[in-house]
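*Asks:* The structure under discussion is supplied below as structure tokens; questions concerning it will follow.
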Amino acid sequence: MVKKAVIPAAGLGTRFLPATKAQPKEMLPIIDKPTIQYVVQEAVDSGIDDILIISGKGKRAIEDHFDRNPELESKLEEKNDEIFYNEIRRIADMANIHFIRQKETNGLGDAVYYARQHVGNEPFVVLLGDTIIDSVIPVTQQLIDTYEQYQCTVIAVEEIPKDKVSRYGIAGGKKMSDKIMEINQLVEKPKLEEAPSNLAIAGRYILTPEIFKAIEKTSKGKNNEIQLTDALQLLMRREMIIAHTIEGKRYDIGNKLDYLKTTVDFALKRKEFAEPFLSYLKDKIAQHRDT
Ligand code: UTP
């Protein structure tokens, strides 16, 4: 049974500077909710209520967001603002959220290693704190279902256009069904002609405690950081690892263009914004056509 989630959120967010100079990128809002709240919600919607957030320098806002705020609560009570009062209280009660600080930003593999005591001897899910996946069935739930069937490490992948493979970690292997592939290759940002497939690692993983031994044996790789992909490559020599092609759309909030696209997509899905926002966008497009 997968009961615990780990959300790495300690990265420096250098691709989003200067917004991330004094503010965590995981707190960048999509409309009116910080990115990491969508991520926590996905875990909760998948039946997980024990969440460890890997935090670090300058990340206090994340802790405050998931804590009570008595002063704000009494202000909202005074104003009889029941909707926001309930929402603010709900956020503090979403799950049992724990924090641990990554002392240096030594990469995603190093961040996950900080979870070893908390997860103990159980499988756990990792959700990147800067990645939202919009789907009907929460992607974490999709992965848990596959884990229950195969009882091994499961990596979420998504199909991407062939010409974009050089931007992502790519998994290759033997297809077992439409959605499931046994991985025999994991390559970070391959050239188009060297890519084993067009299946990109999508920011969600079910890992077993075996990953910690693999991380211990992993030396610093790209960007002089301990990469989770490198640790998974080591693990792959000893254990079966499965790629699960997700049903859903991934948004990487860590880069500015994707952030803009996410905001547009989510605004168009919100009842109160869909119509006025779409008509604004249509006007803008018409203006740009004329120039
Ligand atoms: P990224 O590589 O996208 O985050 O990691 P980053 O290093 O902050 O990004 P840039 O390239 O500088 O803009 C994916 C997730 O892993 C976390 C990040 O916070 C993000 O949510 N992470 C990354 C850590 O927790 N620790 C690290 O050392 C690196």
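Just remember, in the structure tokens the first chain shown is A, the second B, etc., residues are 1-based per chain, and ligands are 1-based in the order shown.
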Residues within 7 Å of Ile180 (chain A), please, as a list of chain:residue names. Count only C-alpha atoms; anything in the same chain fewer than 6 positions from it doesn't count.

*Replies:*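 The neighbour list is A:Ile242, A:Ala243, A:His244, A:Thr245.
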
*Asks:* Write the residues of the selection above to a file with N, CA and C atoms, as an mmCIF file, in the first residue's frame.

*Replies:*
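selection30.cif written:
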```cif
data_model
loop_
_atom_site.group_PDB
_atom_site.id
_atom_site.type_symbol
_atom_site.label_atom_id
_atom_site.label_comp_id
_atom_site.auth_asym_id
_atom_site.auth_seq_id
_atom_site.Cartn_x
_atom_site.Cartn_y
_atom_site.Cartn_z
ATOM 1 N N ILE A 242 8.900 0.325 -14.231
ATOM 2 C CA ILE A 242 7.841 0.433 -15.237
ATOM 3 C C ILE A 242 7.546 1.892 -15.549
ATOM 4 N N ALA A 243 7.304 2.163 -16.833
ATOM 5 C CA ALA A 243 6.825 3.488 -17.231
ATOM 6 C C ALA A 243 5.325 3.387 -17.460
ATOM 7 N N HIS A 244 4.596 4.319 -16.874
ATOM 8 C CA HIS A 244 3.140 4.342 -17.039
ATOM 9 C C HIS A 244 2.784 5.609 -17.817
ATOM 10 N N THR A 245 2.232 5.444 -19.011
ATOM 11 C CA THR A 245 1.832 6.628 -19.801
ATOM 12 C C THR A 245 0.558 7.198 -19.190
#
```

*Asks:* Give me the residues within 12 Å of region 54-61 of chain A as a ChimeraX atom specification, counting only C-alpha atoms and dropping any in the same chain fewer than 6 places off.

*Replies:* /A:5-13,20-28,34,36,67,97-116,118,126-129

*Asks:* Would you write out those residues with C-alpha atoms, as a JSON list (two decimals), in the first residue's frame?

*Replies:*
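This went into out18.json:
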```
[["chain", "number", "residue", "atom", "x", "y", "z"],
["A", 5, "ALA", "CA", 3.93, 11.24, -0.47],
["A", 6, "VAL", "CA", 7.11, 13.27, -0.80],
["A", 7, "ILE", "CA", 7.05, 16.65, -2.51],
["A", 8, "PRO", "CA", 10.50, 18.08, -3.31],
["A", 9, "ALA", "CA", 10.22, 21.88, -3.22],
["A", 10, "ALA", "CA", 13.69, 23.05, -2.24],
["A", 11, "GLY", "CA", 15.05, 24.02, -5.67],
["A", 12, "LEU", "CA", 16.30, 27.53, -6.41],
["A", 13, "GLY", "CA", 14.00, 28.12, -9.37],
["A", 20, "THR", "CA", 11.95, 33.43, -7.31],
["A", 21, "LYS", "CA", 14.67, 35.53, -5.69],
["A", 22, "ALA", "CA", 12.82, 35.78, -2.36],
["A", 23, "GLN", "CA", 9.77, 33.62, -3.05],
["A", 24, "PRO", "CA", 9.44, 29.86, -3.66],
["A", 25, "LYS", "CA", 8.48, 29.01, -7.23],
["A", 26, "GLU", "CA", 6.12, 26.40, -5.77],
["A", 27, "MET", "CA", 4.09, 29.32, -4.34],
["A", 28, "LEU", "CA", 3.59, 30.99, -7.74],
["A", 34, "PRO", "CA", -0.29, 28.40, -5.24],
["A", 36, "ILE", "CA", 1.99, 23.40, -4.56],
["A", 67, "ASP", "CA", -0.62, 26.21, 8.64],
["A", 97, "ILE", "CA", 2.00, 17.76, 6.25],
["A", 98, "HIS", "CA", 5.57, 17.44, 7.49],
["A", 99, "PHE", "CA", 8.63, 19.41, 6.49],
["A", 100, "ILE", "CA", 12.32, 18.68, 6.29],
["A", 101, "ARG", "CA", 14.97, 21.07, 5.01],
["A", 102, "GLN", "CA", 17.42, 20.13, 2.29],
["A", 103, "LYS", "CA", 20.59, 21.80, 3.51],
["A", 104, "GLU", "CA", 22.08, 22.45, 0.08],
["A", 105, "THR", "CA", 20.37, 22.30, -3.30],
["A", 106, "ASN", "CA", 22.27, 19.26, -4.47],
["A", 107, "GLY", "CA", 19.63, 18.06, -6.91],
["A", 108, "LEU", "CA", 16.39, 16.08, -7.00],
["A", 109, "GLY", "CA", 18.07, 12.78, -6.05],
["A", 110, "ASP", "CA", 19.56, 14.41, -2.96],
["A", 111, "ALA", "CA", 16.19, 16.00, -2.08],
["A", 112, "VAL", "CA", 14.44, 12.60, -2.23],
["A", 113, "TYR", "CA", 17.19, 11.09, -0.03],
["A", 114, "TYR", "CA", 16.08, 13.41, 2.81],
["A", 115, "ALA", "CA", 12.82, 11.42, 2.94],
["A", 116, "ARG", "CA", 14.44, 8.10, 3.92],
["A", 118, "HIS", "CA", 10.14, 9.50, 7.15],
["A", 126, "VAL", "CA", 7.11, 11.55, -5.30],
["A", 127, "LEU", "CA", 5.33, 14.55, -6.81],
["A", 128, "LEU", "CA", 7.46, 17.44, -8.08],
["A", 129, "GLY", "CA", 6.32, 20.59, -6.33]]
```

*Asks:* At a cut-off of 12 Å, using only C-alpha atoms, what residues contact Glu193 (chain A)? Leave out same-chain residues fewer than 4 positions from it and give the result as a PyMOL selection string.

*Replies:* chain A and resi 162-166+189+197-198

*Asks:* Include N, CA and C atoms and write out the residues we just selected as a PDB file, in the first residue's frame.

*Replies:*
```pdb
ATOM      1  N   LYS A 162       7.855  14.426 -31.138  1.00  0.00           N
ATOM      2  CA  LYS A 162       9.224  13.922 -31.350  1.00  0.00           C
ATOM      3  C   LYS A 162      10.281  15.031 -31.313  1.00  0.00           C
ATOM      4  N   ASP A 163       9.947  16.196 -31.889  1.00  0.00           N
ATOM      5  CA  ASP A 163      10.962  17.265 -31.984  1.00  0.00           C
ATOM      6  C   ASP A 163      11.266  17.902 -30.630  1.00  0.00           C
ATOM      7  N   LYS A 164      10.572  17.481 -29.560  1.00  0.00           N
ATOM      8  CA  LYS A 164      10.844  18.076 -28.241  1.00  0.00           C
ATOM      9  C   LYS A 164      11.616  17.141 -27.311  1.00  0.00           C
ATOM     10  N   VAL A 165      12.008  15.946 -27.816  1.00  0.00           N
ATOM     11  CA  VAL A 165      12.640  14.967 -26.922  1.00  0.00           C
ATOM     12  C   VAL A 165      13.922  15.500 -26.266  1.00  0.00           C
ATOM     13  N   SER A 166      14.619  16.399 -26.938  1.00  0.00           N
ATOM     14  CA  SER A 166      15.900  16.865 -26.398  1.00  0.00           C
ATOM     15  C   SER A 166      15.730  17.790 -25.187  1.00  0.00           C
ATOM     16  N   LYS A 189      17.668  14.283 -21.714  1.00  0.00           N
ATOM     17  CA  LYS A 189      17.755  15.214 -22.858  1.00  0.00           C
ATOM     18  C   LYS A 189      18.549  14.670 -24.060  1.00  0.00           C
ATOM     19  N   SER A 197      12.537   6.769 -27.424  1.00  0.00           N
ATOM     20  CA  SER A 197      11.078   6.874 -27.605  1.00  0.00           C
ATOM     21  C   SER A 197      10.709   8.353 -27.518  1.00  0.00           C
ATOM     22  N   ASN A 198       9.416   8.622 -27.515  1.00  0.00           N
ATOM     23  CA  ASN A 198       8.984  10.007 -27.257  1.00  0.00           C
ATOM     24  C   ASN A 198       8.213  10.073 -25.928  1.00  0.00           C
TER      25      ASN A 198
END
```

*Asks:* What lies within 8 Å of Pro123 (chain A) using only C-alpha atoms, ignoring chain neighbours under 4 positions off, as number ranges by chain?

*Replies:* A: 1-4, 119, 206-209

*Asks:* Within 10 Å of Leu232 (chain A), counting only C-alpha atoms, which residues show up once you throw out same-chain ones fewer than 3 positions away? Write them as a PyMOL selection string, please.

*Replies:* chain A and resi 109+153+155+185-186+207+210-211+214-215+218+227-229+235-237+239+241

*Asks:* Store the residues of this selection in a file with N, CA and C atoms, as a short mmCIF file (atom, residue, chain, number, x, y, z; two decimals), in the first residue's frame.

*Replies:*
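New file result_11.cif:
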```cif
data_model
loop_
_atom_site.label_atom_id
_atom_site.label_comp_id
_atom_site.auth_asym_id
_atom_site.auth_seq_id
_atom_site.Cartn_x
_atom_site.Cartn_y
_atom_site.Cartn_z
N GLY A 109 17.72 14.05 -6.71
CA GLY A 109 18.07 12.78 -6.05
C GLY A 109 18.40 13.02 -4.59
N THR A 153 8.94 -0.17 -8.90
CA THR A 153 9.04 1.27 -9.17
C THR A 153 8.23 1.62 -10.44
N ILE A 155 7.26 4.91 -13.01
CA ILE A 155 7.55 6.29 -13.39
C ILE A 155 6.46 6.78 -14.33
N GLN A 185 15.93 1.78 -20.73
CA GLN A 185 16.80 2.95 -21.00
C GLN A 185 16.18 4.19 -20.40
N LEU A 186 17.02 4.99 -19.76
CA LEU A 186 16.57 6.31 -19.28
C LEU A 186 17.65 7.30 -19.73
N LEU A 207 8.17 5.16 -5.79
CA LEU A 207 9.49 4.61 -5.52
C LEU A 207 9.42 3.62 -4.37
N GLU A 210 14.30 0.89 -1.95
CA GLU A 210 15.55 0.54 -2.66
C GLU A 210 16.19 1.76 -3.30
N ILE A 211 15.39 2.79 -3.58
CA ILE A 211 15.93 3.97 -4.25
C ILE A 211 17.00 4.65 -3.38
N ALA A 214 20.32 3.25 -4.02
CA ALA A 214 20.77 3.67 -5.36
C ALA A 214 21.26 5.13 -5.32
N ILE A 215 20.55 5.98 -4.56
CA ILE A 215 20.98 7.39 -4.48
C ILE A 215 22.35 7.48 -3.80
N THR A 218 25.00 7.03 -6.23
CA THR A 218 24.96 7.91 -7.41
C THR A 218 25.88 9.11 -7.21
N GLN A 227 21.27 13.46 -9.50
CA GLN A 227 20.05 13.38 -10.30
C GLN A 227 19.26 12.12 -9.97
N LEU A 228 17.96 12.26 -9.78
CA LEU A 228 17.11 11.09 -9.51
C LEU A 228 17.15 10.13 -10.71
N THR A 229 17.20 10.69 -11.92
CA THR A 229 17.23 9.83 -13.12
C THR A 229 18.47 8.93 -13.09
N LEU A 235 19.31 1.62 -10.41
CA LEU A 235 18.32 0.68 -9.87
C LEU A 235 17.80 -0.28 -10.95
N MET A 236 17.72 0.27 -12.17
CA MET A 236 17.18 -0.48 -13.30
C MET A 236 18.00 -1.75 -13.59
N ARG A 237 19.28 -1.72 -13.21
CA ARG A 237 20.11 -2.91 -13.45
C ARG A 237 19.71 -4.06 -12.54
N GLU A 239 16.44 -4.13 -10.74
CA GLU A 239 15.00 -4.29 -10.50
C GLU A 239 14.21 -3.87 -11.71
N ILE A 241 11.65 -1.68 -13.58
CA ILE A 241 11.05 -0.35 -13.45
C ILE A 241 10.07 -0.18 -14.60
#
```

*Asks:* DSSP says strand (DSSP E) for which residues of region 41-80 of chain A? Put them as a ChimeraX atom specification?

*Replies:* /A:50-55

*Asks:* Please, could you write that set of residues out with C-alpha atoms as a PDB file, in the first residue's frame?

*Replies:*
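Result went into result08.pdb, see below:
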```pdb
ATOM      1  CA  ASP A  50       0.825  11.815   4.995  1.00  0.00           C
ATOM      2  CA  ILE A  51       2.899  14.282   3.021  1.00  0.00           C
ATOM      3  CA  LEU A  52       6.542  15.246   3.485  1.00  0.00           C
ATOM      4  CA  ILE A  53       7.564  18.474   1.798  1.00  0.00           C
ATOM      5  CA  ILE A  54      11.298  18.888   1.143  1.00  0.00           C
ATOM      6  CA  SER A  55      11.812  22.520   1.934  1.00  0.00           C
TER       7      SER A  55
END
```

*Asks:* Of the candidates A:Asp130, A:Glu247, A:Glu194, A:Asp81, which one gets nearest to ligand 1 if we count only C-alpha atoms and all ligand atoms?

*Replies:*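 Among A:Asp130, A:Glu247, A:Glu194, A:Asp81, it is A:Asp130 that comes nearest to ligand 1.
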
*Asks:* Between CA of Leu260 (chain A) and CA of Ile285 (chain A), measure the distance and give it in Å to one decimal.

*Replies:*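 Separation between CA of Leu260 (chain A) and CA of Ile285 (chain A): 15.8 Å.
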
*Asks:* Can you list, as a PyMOL selection string, all residues belonging to region 45-269 of chain A that DSSP tags as helix (DSSP H, G or I)?

*Replies:* chain A and resi 45+60-65+70-78+82-92+108-113+116-119+139-150+162-167+192-194+210-216+222-224+228-236+256-269

*Asks:* Pick out the closest residue to ligand 1 from this set: A:Pro161, A:Gly254, A:Gly169, A:Pro18. Count only C-alpha atoms and all ligand atoms.

*Replies:*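 Result for the nearest residue to ligand 1: A:Gly254.
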
*Asks:* What does the distance from CA of Ala200 (chain A) to CA of Lys174 (chain A) come to in Å, to one decimal?

*Replies:*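 CA of Ala200 (chain A) sits 15.2 Å away from CA of Lys174 (chain A).
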
*Asks:* Calculate how many Å separate CA of Leu268 (chain A) from CA of Val40 (chain A), rounding to one decimal.

*Replies:*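 Interatomic distance here is 22.2 Å.
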